[in-house]
>>> print(open('start.cif').read())   # mmCIF, C-alpha atoms
data_final
loop_
_atom_site.label_atom_id
_atom_site.label_comp_id
_atom_site.auth_asym_id
_atom_site.auth_seq_id
_atom_site.Cartn_x
_atom_site.Cartn_y
_atom_site.Cartn_z
CA MET A 139 0.00 0.00 0.00
CA VAL A 140 2.84 2.37 0.82
CA GLU A 141 4.46 1.76 -2.56
CA VAL A 142 1.17 2.41 -4.36
CA ALA A 143 0.70 5.63 -2.36
CA PHE A 144 4.09 6.87 -3.58
CA VAL A 145 3.99 5.59 -7.15
CA MET A 146 0.34 6.20 -8.12
CA PRO A 147 0.43 10.05 -8.13
CA VAL A 148 3.61 10.08 -10.21
CA PHE A 149 2.18 7.49 -12.59
CA LEU A 150 -1.11 9.40 -13.00
CA LEU A 151 0.77 12.66 -13.59
CA PHE A 152 2.88 10.93 -16.23
CA ILE A 153 -0.25 9.55 -17.96
CA PHE A 154 -1.91 12.97 -17.83
CA PHE A 155 1.12 14.62 -19.49
CA ILE A 156 1.03 11.99 -22.24
CA MET A 157 -2.64 12.78 -22.83
CA GLN A 158 -1.94 16.55 -22.92
CA PHE A 159 0.89 16.05 -25.39
CA GLY A 160 -1.33 13.83 -27.57
CA HIS A 161 -4.08 16.46 -27.57
CA ALA A 162 -1.62 19.24 -28.48
CA TYR A 163 -0.28 17.09 -31.32
CA MET A 164 -3.83 16.43 -32.57
CA VAL A 165 -4.55 20.19 -32.57
CA ARG A 166 -1.33 20.80 -34.52
CA ASN A 167 -2.30 18.18 -37.10
CA MET A 168 -5.79 19.68 -37.43
CA LEU A 169 -4.31 23.16 -37.97
CA SER A 170 -1.95 21.85 -40.64
CA ALA A 171 -4.71 19.87 -42.36
CA ALA A 172 -7.07 22.85 -42.32
CA CYS A 173 -4.43 25.11 -43.87
CA ARG A 174 -3.56 22.51 -46.54
CA ASN A 175 -7.23 21.99 -47.36
CA ALA A 176 -7.89 25.74 -47.61
CA ALA A 177 -4.74 26.24 -49.71
CA ARG A 178 -5.88 23.50 -52.08
CA LEU A 179 -9.29 25.18 -52.33
CA GLY A 180 -7.70 28.63 -52.71
CA SER A 181 -5.43 27.49 -55.53
CA THR A 182 -8.40 27.10 -57.86
CA SER A 183 -9.76 30.05 -59.79
CA GLY A 184 -12.81 31.89 -58.52
CA ILE A 185 -12.16 31.31 -54.81
CA THR A 186 -11.74 34.43 -52.71
CA THR A 187 -9.39 34.93 -49.77
CA GLU A 188 -12.42 35.18 -47.50
CA GLU A 189 -13.74 31.79 -48.69
CA ALA A 190 -10.36 30.14 -48.09
CA GLY A 191 -10.23 31.63 -44.58
CA GLN A 192 -13.76 30.45 -43.86
CA ARG A 193 -12.73 26.95 -44.93
CA VAL A 194 -9.97 26.93 -42.28
CA LEU A 195 -12.40 28.09 -39.60
CA GLN A 196 -15.00 25.52 -40.71
CA ILE A 197 -12.51 22.65 -40.36
CA LEU A 198 -11.29 23.93 -36.99
CA SER A 199 -14.78 24.57 -35.60
CA PRO A 200 -14.89 21.31 -33.57
CA ILE A 201 -11.82 22.37 -31.55
CA ALA A 202 -11.73 26.18 -31.64
CA GLY A 203 -14.07 29.10 -32.12
CA ALA A 204 -13.44 31.67 -34.84
CA GLY A 205 -12.24 34.20 -32.25
CA GLU A 206 -9.59 31.82 -30.94
CA VAL A 207 -7.86 31.21 -34.29
CA SER A 208 -5.40 33.74 -35.71
CA LEU A 209 -5.49 33.39 -39.49
CA LEU A 210 -3.33 34.86 -42.25
CA VAL A 211 -3.59 34.56 -46.03
CA LYS A 212 -0.54 36.27 -47.54
CA ASP A 213 1.44 36.55 -50.77
CA ALA A 214 4.48 34.24 -50.66
CA SER A 215 6.22 35.42 -53.83
CA MET A 216 9.50 35.69 -51.92
CA ILE A 217 10.01 31.94 -52.36
CA ASP A 218 10.48 32.51 -56.11
CA ALA A 219 13.48 34.72 -55.22
CA GLY A 220 14.97 31.94 -53.08
CA GLU A 221 13.91 33.36 -49.73
CA SER A 222 12.20 31.26 -47.09
CA VAL A 223 8.84 31.84 -45.48
CA PRO A 224 9.17 33.63 -42.11
CA ASP A 225 8.90 31.37 -39.07
CA SER A 226 6.99 33.72 -36.80
CA PHE A 227 3.40 34.92 -37.00
CA ASP A 228 4.58 38.54 -36.94
CA GLY A 229 7.05 37.83 -39.76
CA CYS A 230 4.27 36.32 -41.87
CA ASN A 231 1.96 39.19 -40.97
CA GLY A 232 4.53 41.55 -42.53
CA LEU A 233 4.06 39.94 -45.93
CA SER A 234 1.73 41.61 -48.41
CA ASP A 235 -1.93 40.64 -48.56
CA ILE A 236 -3.30 38.69 -51.50
CA GLU A 237 -6.74 38.37 -53.01
CA LEU A 238 -6.88 34.80 -54.30
CA SER A 239 -9.61 35.47 -56.87
CA ALA A 240 -7.27 37.98 -58.59
CA ALA A 241 -4.01 36.06 -58.15
CA GLU A 242 -1.78 35.39 -61.14
CA PRO A 243 -1.25 31.82 -62.33
CA ARG A 244 1.58 30.09 -60.44
CA GLN A 245 1.67 32.87 -57.80
CA PRO A 246 2.58 31.35 -54.43
CA PHE A 247 0.54 32.16 -51.35
CA LEU A 248 0.61 31.23 -47.69
CA ILE A 249 -2.19 30.25 -45.33
CA ARG A 250 -1.18 30.22 -41.66
CA ALA A 251 -3.36 29.54 -38.63
CA GLN A 252 -2.40 29.51 -35.00
CA VAL A 253 -4.20 28.98 -31.73
CA ARG A 254 -3.25 29.34 -28.08
CA TYR A 255 -3.35 25.89 -26.49
CA GLY A 256 -4.97 27.27 -23.36
CA ASP A 257 -7.99 28.18 -25.51
CA VAL A 258 -8.51 24.65 -26.89
CA ALA A 259 -7.35 22.39 -24.04
CA PHE A 260 -9.82 20.40 -21.95
CA ILE A 261 -7.79 20.88 -18.79
CA VAL A 262 -4.99 23.43 -18.84
CA MET A 263 -1.81 22.31 -17.14
CA PRO A 264 0.70 24.89 -15.91
CA GLY A 265 3.18 25.58 -18.67
CA PHE A 266 0.83 24.50 -21.45
CA ALA A 267 -1.60 27.44 -21.37
CA ASP A 268 0.53 29.90 -23.35
CA LEU A 269 1.80 27.32 -25.82
CA THR A 270 1.08 28.51 -29.37
CA ILE A 271 0.27 25.81 -31.90
CA VAL A 272 0.76 26.64 -35.58
CA GLY A 273 -0.24 25.14 -38.91
CA GLN A 274 0.61 26.52 -42.33
CA ALA A 275 0.56 25.69 -46.01
CA VAL A 276 2.24 27.31 -48.99
CA THR A 277 0.99 26.57 -52.49
CA ARG A 278 0.64 28.18 -55.89
CA HIS A 279 -2.48 29.56 -57.50
CA GLU A 280 -3.54 27.74 -60.67
#
>>> encode(input="start.cif", output="structure tokens")
Amino acid sequence: MVEVAFVMPVFLLFIFFIMQFGHAYMVRNMLSAACRNAARLGSTSGITTEEAGQRVLQILSPIAGAGEVSLLVKDASMIDAGESVPDSFDGCNGLSDIELSAAEPRQPFLIRAQVRYGDVAFIVMPGFADLTIVGQAVTRHE
């Protein structure tokens, strides 16, 4: 009984951290899938930037409300010059806006979504609340 009293709390804490990590990983995969799906939709002609953004929010609606998701749809033409896409949200926010319905053929664009884990977690553990989870996709307009 004494051994169980010492080991059980540590074991349960370990299991709970595994569950939190699994949930955070699922949210990351959903963000990436939503951005890829919206980028695929946005690459076709006749789709507006607003419609592509709404597609991301529609896919993420089971885990996050529209006010909890930070969403960017930006011109990514810098990759044609050999530059890389910025890593940070602020760096991507500095890129120029793009209207997908008026985009040139083969023009690259970026869709990036991020959410604060504290806003989507079932139970927020200390240290996890301010974790930012990001998904993004870069593709070319057709």
>>> resolve_selection(input="start.cif", expression="the PyMOL selection byres ((chain A and resi 270) around 10)", output="PDB file with C-alpha atoms, in the coordinates of the input")
ATOM      1  CA  ALA A 162      -1.620  19.240 -28.480  1.00  0.00           C
ATOM      2  CA  ARG A 166      -1.330  20.800 -34.520  1.00  0.00           C
ATOM      3  CA  GLN A 252      -2.400  29.510 -35.000  1.00  0.00           C
ATOM      4  CA  VAL A 253      -4.200  28.980 -31.730  1.00  0.00           C
ATOM      5  CA  ARG A 254      -3.250  29.340 -28.080  1.00  0.00           C
ATOM      6  CA  TYR A 255      -3.350  25.890 -26.490  1.00  0.00           C
ATOM      7  CA  GLY A 256      -4.970  27.270 -23.360  1.00  0.00           C
ATOM      8  CA  ASP A 257      -7.990  28.180 -25.510  1.00  0.00           C
ATOM      9  CA  PHE A 266       0.830  24.500 -21.450  1.00  0.00           C
ATOM     10  CA  ALA A 267      -1.600  27.440 -21.370  1.00  0.00           C
ATOM     11  CA  ASP A 268       0.530  29.900 -23.350  1.00  0.00           C
ATOM     12  CA  LEU A 269       1.800  27.320 -25.820  1.00  0.00           C
ATOM     13  CA  ILE A 271       0.270  25.810 -31.900  1.00  0.00           C
ATOM     14  CA  VAL A 272       0.760  26.640 -35.580  1.00  0.00           C
TER      15      VAL A 272
END
>>> atom_distance(input="start.cif", atom1="atom CA of Ser181 of chain A", atom2="atom CA of Asp218 of chain A")
16.7 Å
>>> closest_residue(input="start.cif", among="A:Ala171, A:Cys230, A:Met263, A:Ile249", to="Leu151 of chain A", atoms="only C-alpha atoms")
A:Met263
>>> residues_around(input="start.cif", residues="Ile185 of chain A", least_positions_apart="2", cutoff="6 Å", atoms="only C-alpha atoms", output="list in words")
Gly180, Ser183 and Ser239 of chain A
>>> atom_distance(input="start.cif", atom1="atom CA of Lys212 of chain A", atom2="atom CA of Asn231 of chain A")
7.6 Å
>>> residues_around(input="start.cif", residues="Ser215 of chain A", least_positions_apart="2", cutoff="9 Å", atoms="only C-alpha atoms", output="list in words")
Asp213, Ile217, Asp218, Ala219, Glu221, Gln245, Pro246 and Phe247 of chain A
>>> resolve_selection(input="start.cif", expression="the PyMOL selection byres ((chain A and resi 274) around 6)", output="PyMOL selection string")
chain A and resi 170+173+249-250+273+275
>>> residues_around(input="start.cif", residues="Ala240 of chain A", least_positions_apart="3", cutoff="10 Å", atoms="only C-alpha atoms", output="PyMOL selection string")
chain A and resi 183-187+236-237+243+279
>>> atom_distance(input="start.cif", atom1="atom CA of Leu209 of chain A", atom2="atom CA of Gly191 of chain A")
7.2 Å
>>> closest_residue(input="start.cif", among="A:Val258, A:Val145, A:Ala251, A:Leu179", to="Glu280 of chain A", atoms="all atoms listed in the file")
A:Leu179
>>> closest_residue(input="start.cif", among="A:Ser208, A:Phe227, A:Leu238, A:Gly265", to="Glu189 of chain A", atoms="only C-alpha atoms")
A:Leu238
>>> closest_residue(input="start.cif", among="A:Ala204, A:Ala190, A:Ile197, A:Val276", to="Ser222 of chain A", atoms="only C-alpha atoms")
A:Val276
>>> residues_around(input="start.cif", residues="Ile201 of chain A", least_positions_apart="6", cutoff="9 Å", atoms="all atoms listed in the file", output="MDAnalysis selection string")
chainID A and resid 165 168 258:259
>>> closest_residue(input="start.cif", among="A:Leu233, A:Arg178, A:Met139, A:Ser199", to="Val211 of chain A", atoms="only C-alpha atoms")
A:Leu233
>>> closest_residue(input="start.cif", among="A:Val262, A:Met216, A:Ala176, A:Leu169", to="Leu198 of chain A", atoms="all atoms listed in the file")
A:Leu169
>>> decode(input="start.cif", residues="segment 148-163 of chain A", atoms="all heavy atoms", output="PDB file, in the first residue's frame")
ATOM      1  N   VAL A 148       2.616   9.845  -9.161  1.00  0.00           N
ATOM      2  CA  VAL A 148       3.611  10.075 -10.207  1.00  0.00           C
ATOM      3  C   VAL A 148       3.169   9.409 -11.504  1.00  0.00           C
ATOM      4  O   VAL A 148       3.273   9.995 -12.591  1.00  0.00           O
ATOM      5  CB  VAL A 148       4.999   9.557  -9.765  1.00  0.00           C
ATOM      6  CG1 VAL A 148       6.006   9.656 -10.898  1.00  0.00           C
ATOM      7  CG2 VAL A 148       5.480  10.307  -8.543  1.00  0.00           C
ATOM      8  N   PHE A 149       2.660   8.211 -11.415  1.00  0.00           N
ATOM      9  CA  PHE A 149       2.176   7.489 -12.593  1.00  0.00           C
ATOM     10  C   PHE A 149       1.011   8.226 -13.240  1.00  0.00           C
ATOM     11  O   PHE A 149       0.976   8.394 -14.459  1.00  0.00           O
ATOM     12  CB  PHE A 149       1.761   6.067 -12.189  1.00  0.00           C
ATOM     13  CG  PHE A 149       1.202   5.274 -13.332  1.00  0.00           C
ATOM     14  CD1 PHE A 149       2.036   4.815 -14.341  1.00  0.00           C
ATOM     15  CD2 PHE A 149      -0.146   4.983 -13.388  1.00  0.00           C
ATOM     16  CE1 PHE A 149       1.513   4.080 -15.403  1.00  0.00           C
ATOM     17  CE2 PHE A 149      -0.678   4.258 -14.438  1.00  0.00           C
ATOM     18  CZ  PHE A 149       0.159   3.798 -15.451  1.00  0.00           C
ATOM     19  N   LEU A 150       0.041   8.680 -12.451  1.00  0.00           N
ATOM     20  CA  LEU A 150      -1.107   9.402 -13.000  1.00  0.00           C
ATOM     21  C   LEU A 150      -0.692  10.727 -13.622  1.00  0.00           C
ATOM     22  O   LEU A 150      -1.217  11.119 -14.670  1.00  0.00           O
ATOM     23  CB  LEU A 150      -2.167   9.608 -11.924  1.00  0.00           C
ATOM     24  CG  LEU A 150      -2.888   8.347 -11.458  1.00  0.00           C
ATOM     25  CD1 LEU A 150      -3.842   8.672 -10.318  1.00  0.00           C
ATOM     26  CD2 LEU A 150      -3.615   7.675 -12.604  1.00  0.00           C
ATOM     27  N   LEU A 151       0.253  11.422 -13.016  1.00  0.00           N
ATOM     28  CA  LEU A 151       0.772  12.664 -13.594  1.00  0.00           C
ATOM     29  C   LEU A 151       1.453  12.392 -14.928  1.00  0.00           C
ATOM     30  O   LEU A 151       1.264  13.137 -15.893  1.00  0.00           O
ATOM     31  CB  LEU A 151       1.738  13.329 -12.613  1.00  0.00           C
ATOM     32  CG  LEU A 151       2.217  14.722 -12.986  1.00  0.00           C
ATOM     33  CD1 LEU A 151       1.046  15.697 -13.003  1.00  0.00           C
ATOM     34  CD2 LEU A 151       3.270  15.194 -12.017  1.00  0.00           C
ATOM     35  N   PHE A 152       2.218  11.328 -14.988  1.00  0.00           N
ATOM     36  CA  PHE A 152       2.877  10.932 -16.231  1.00  0.00           C
ATOM     37  C   PHE A 152       1.848  10.624 -17.320  1.00  0.00           C
ATOM     38  O   PHE A 152       1.973  11.088 -18.454  1.00  0.00           O
ATOM     39  CB  PHE A 152       3.777   9.721 -15.963  1.00  0.00           C
ATOM     40  CG  PHE A 152       4.508   9.231 -17.167  1.00  0.00           C
ATOM     41  CD1 PHE A 152       5.533   9.973 -17.736  1.00  0.00           C
ATOM     42  CD2 PHE A 152       4.178   8.011 -17.732  1.00  0.00           C
ATOM     43  CE1 PHE A 152       6.206   9.510 -18.846  1.00  0.00           C
ATOM     44  CE2 PHE A 152       4.847   7.543 -18.843  1.00  0.00           C
ATOM     45  CZ  PHE A 152       5.867   8.294 -19.400  1.00  0.00           C
ATOM     46  N   ILE A 153       0.819   9.883 -16.996  1.00  0.00           N
ATOM     47  CA  ILE A 153      -0.246   9.552 -17.955  1.00  0.00           C
ATOM     48  C   ILE A 153      -0.964  10.813 -18.407  1.00  0.00           C
ATOM     49  O   ILE A 153      -1.267  10.994 -19.591  1.00  0.00           O
ATOM     50  CB  ILE A 153      -1.250   8.539 -17.338  1.00  0.00           C
ATOM     51  CG1 ILE A 153      -0.571   7.210 -17.070  1.00  0.00           C
ATOM     52  CG2 ILE A 153      -2.475   8.371 -18.218  1.00  0.00           C
ATOM     53  CD1 ILE A 153      -0.048   6.502 -18.303  1.00  0.00           C
ATOM     54  N   PHE A 154      -1.222  11.731 -17.485  1.00  0.00           N
ATOM     55  CA  PHE A 154      -1.908  12.967 -17.831  1.00  0.00           C
ATOM     56  C   PHE A 154      -1.069  13.816 -18.784  1.00  0.00           C
ATOM     57  O   PHE A 154      -1.596  14.397 -19.729  1.00  0.00           O
ATOM     58  CB  PHE A 154      -2.255  13.759 -16.567  1.00  0.00           C
ATOM     59  CG  PHE A 154      -3.169  14.903 -16.836  1.00  0.00           C
ATOM     60  CD1 PHE A 154      -4.485  14.685 -17.204  1.00  0.00           C
ATOM     61  CD2 PHE A 154      -2.711  16.199 -16.753  1.00  0.00           C
ATOM     62  CE1 PHE A 154      -5.338  15.738 -17.470  1.00  0.00           C
ATOM     63  CE2 PHE A 154      -3.555  17.265 -17.005  1.00  0.00           C
ATOM     64  CZ  PHE A 154      -4.866  17.031 -17.368  1.00  0.00           C
ATOM     65  N   PHE A 155       0.245  13.888 -18.575  1.00  0.00           N
ATOM     66  CA  PHE A 155       1.124  14.620 -19.489  1.00  0.00           C
ATOM     67  C   PHE A 155       1.137  13.983 -20.868  1.00  0.00           C
ATOM     68  O   PHE A 155       1.171  14.683 -21.883  1.00  0.00           O
ATOM     69  CB  PHE A 155       2.546  14.722 -18.934  1.00  0.00           C
ATOM     70  CG  PHE A 155       2.755  15.889 -18.029  1.00  0.00           C
ATOM     71  CD1 PHE A 155       3.150  15.693 -16.723  1.00  0.00           C
ATOM     72  CD2 PHE A 155       2.557  17.188 -18.477  1.00  0.00           C
ATOM     73  CE1 PHE A 155       3.343  16.766 -15.877  1.00  0.00           C
ATOM     74  CE2 PHE A 155       2.750  18.275 -17.645  1.00  0.00           C
ATOM     75  CZ  PHE A 155       3.140  18.068 -16.337  1.00  0.00           C
ATOM     76  N   ILE A 156       1.100  12.675 -20.945  1.00  0.00           N
ATOM     77  CA  ILE A 156       1.032  11.992 -22.238  1.00  0.00           C
ATOM     78  C   ILE A 156      -0.265  12.358 -22.956  1.00  0.00           C
ATOM     79  O   ILE A 156      -0.269  12.625 -24.167  1.00  0.00           O
ATOM     80  CB  ILE A 156       1.161  10.457 -22.062  1.00  0.00           C
ATOM     81  CG1 ILE A 156       2.576  10.097 -21.649  1.00  0.00           C
ATOM     82  CG2 ILE A 156       0.775   9.726 -23.345  1.00  0.00           C
ATOM     83  CD1 ILE A 156       2.765   8.645 -21.289  1.00  0.00           C
ATOM     84  N   MET A 157      -1.364  12.405 -22.225  1.00  0.00           N
ATOM     85  CA  MET A 157      -2.643  12.779 -22.829  1.00  0.00           C
ATOM     86  C   MET A 157      -2.619  14.230 -23.307  1.00  0.00           C
ATOM     87  O   MET A 157      -3.114  14.540 -24.395  1.00  0.00           O
ATOM     88  CB  MET A 157      -3.779  12.553 -21.832  1.00  0.00           C
ATOM     89  CG  MET A 157      -4.059  11.086 -21.559  1.00  0.00           C
ATOM     90  SD  MET A 157      -5.203  10.771 -20.199  1.00  0.00           S
ATOM     91  CE  MET A 157      -6.511  11.891 -20.477  1.00  0.00           C
ATOM     92  N   GLN A 158      -2.044  15.150 -22.523  1.00  0.00           N
ATOM     93  CA  GLN A 158      -1.944  16.554 -22.920  1.00  0.00           C
ATOM     94  C   GLN A 158      -1.092  16.696 -24.179  1.00  0.00           C
ATOM     95  O   GLN A 158      -1.435  17.439 -25.092  1.00  0.00           O
ATOM     96  CB  GLN A 158      -1.336  17.398 -21.799  1.00  0.00           C
ATOM     97  CG  GLN A 158      -2.275  17.644 -20.654  1.00  0.00           C
ATOM     98  CD  GLN A 158      -3.372  18.628 -21.012  1.00  0.00           C
ATOM     99  OE1 GLN A 158      -4.414  18.239 -21.543  1.00  0.00           O
ATOM    100  NE2 GLN A 158      -3.143  19.880 -20.744  1.00  0.00           N
ATOM    101  N   PHE A 159       0.030  15.994 -24.223  1.00  0.00           N
ATOM    102  CA  PHE A 159       0.889  16.047 -25.391  1.00  0.00           C
ATOM    103  C   PHE A 159       0.166  15.493 -26.616  1.00  0.00           C
ATOM    104  O   PHE A 159       0.248  16.067 -27.714  1.00  0.00           O
ATOM    105  CB  PHE A 159       2.188  15.262 -25.150  1.00  0.00           C
ATOM    106  CG  PHE A 159       3.114  15.288 -26.322  1.00  0.00           C
ATOM    107  CD1 PHE A 159       3.876  16.414 -26.589  1.00  0.00           C
ATOM    108  CD2 PHE A 159       3.212  14.201 -27.160  1.00  0.00           C
ATOM    109  CE1 PHE A 159       4.726  16.449 -27.683  1.00  0.00           C
ATOM    110  CE2 PHE A 159       4.057  14.222 -28.249  1.00  0.00           C
ATOM    111  CZ  PHE A 159       4.819  15.347 -28.504  1.00  0.00           C
ATOM    112  N   GLY A 160      -0.556  14.402 -26.457  1.00  0.00           N
ATOM    113  CA  GLY A 160      -1.329  13.835 -27.570  1.00  0.00           C
ATOM    114  C   GLY A 160      -2.391  14.794 -28.072  1.00  0.00           C
ATOM    115  O   GLY A 160      -2.596  14.929 -29.280  1.00  0.00           O
ATOM    116  N   HIS A 161      -3.063  15.490 -27.167  1.00  0.00           N
ATOM    117  CA  HIS A 161      -4.082  16.459 -27.570  1.00  0.00           C
ATOM    118  C   HIS A 161      -3.447  17.634 -28.304  1.00  0.00           C
ATOM    119  O   HIS A 161      -3.964  18.097 -29.322  1.00  0.00           O
ATOM    120  CB  HIS A 161      -4.871  16.936 -26.358  1.00  0.00           C
ATOM    121  CG  HIS A 161      -6.008  17.820 -26.726  1.00  0.00           C
ATOM    122  ND1 HIS A 161      -5.954  19.180 -26.554  1.00  0.00           N
ATOM    123  CD2 HIS A 161      -7.211  17.552 -27.287  1.00  0.00           C
ATOM    124  CE1 HIS A 161      -7.072  19.713 -26.986  1.00  0.00           C
ATOM    125  NE2 HIS A 161      -7.857  18.738 -27.432  1.00  0.00           N
ATOM    126  N   ALA A 162      -2.320  18.135 -27.805  1.00  0.00           N
ATOM    127  CA  ALA A 162      -1.623  19.237 -28.476  1.00  0.00           C
ATOM    128  C   ALA A 162      -1.170  18.815 -29.876  1.00  0.00           C
ATOM    129  O   ALA A 162      -1.269  19.589 -30.831  1.00  0.00           O
ATOM    130  CB  ALA A 162      -0.424  19.690 -27.645  1.00  0.00           C
ATOM    131  N   TYR A 163      -0.706  17.600 -30.012  1.00  0.00           N
ATOM    132  CA  TYR A 163      -0.282  17.090 -31.319  1.00  0.00           C
ATOM    133  C   TYR A 163      -1.475  16.951 -32.262  1.00  0.00           C
ATOM    134  O   TYR A 163      -1.368  17.254 -33.455  1.00  0.00           O
ATOM    135  CB  TYR A 163       0.437  15.748 -31.134  1.00  0.00           C
ATOM    136  CG  TYR A 163       1.241  15.337 -32.330  1.00  0.00           C
ATOM    137  CD1 TYR A 163       2.419  15.997 -32.655  1.00  0.00           C
ATOM    138  CD2 TYR A 163       0.824  14.292 -33.136  1.00  0.00           C
ATOM    139  CE1 TYR A 163       3.151  15.623 -33.754  1.00  0.00           C
ATOM    140  CE2 TYR A 163       1.552  13.912 -34.242  1.00  0.00           C
ATOM    141  CZ  TYR A 163       2.722  14.585 -34.545  1.00  0.00           C
ATOM    142  OH  TYR A 163       3.443  14.211 -35.644  1.00  0.00           O
TER     143      TYR A 163
END
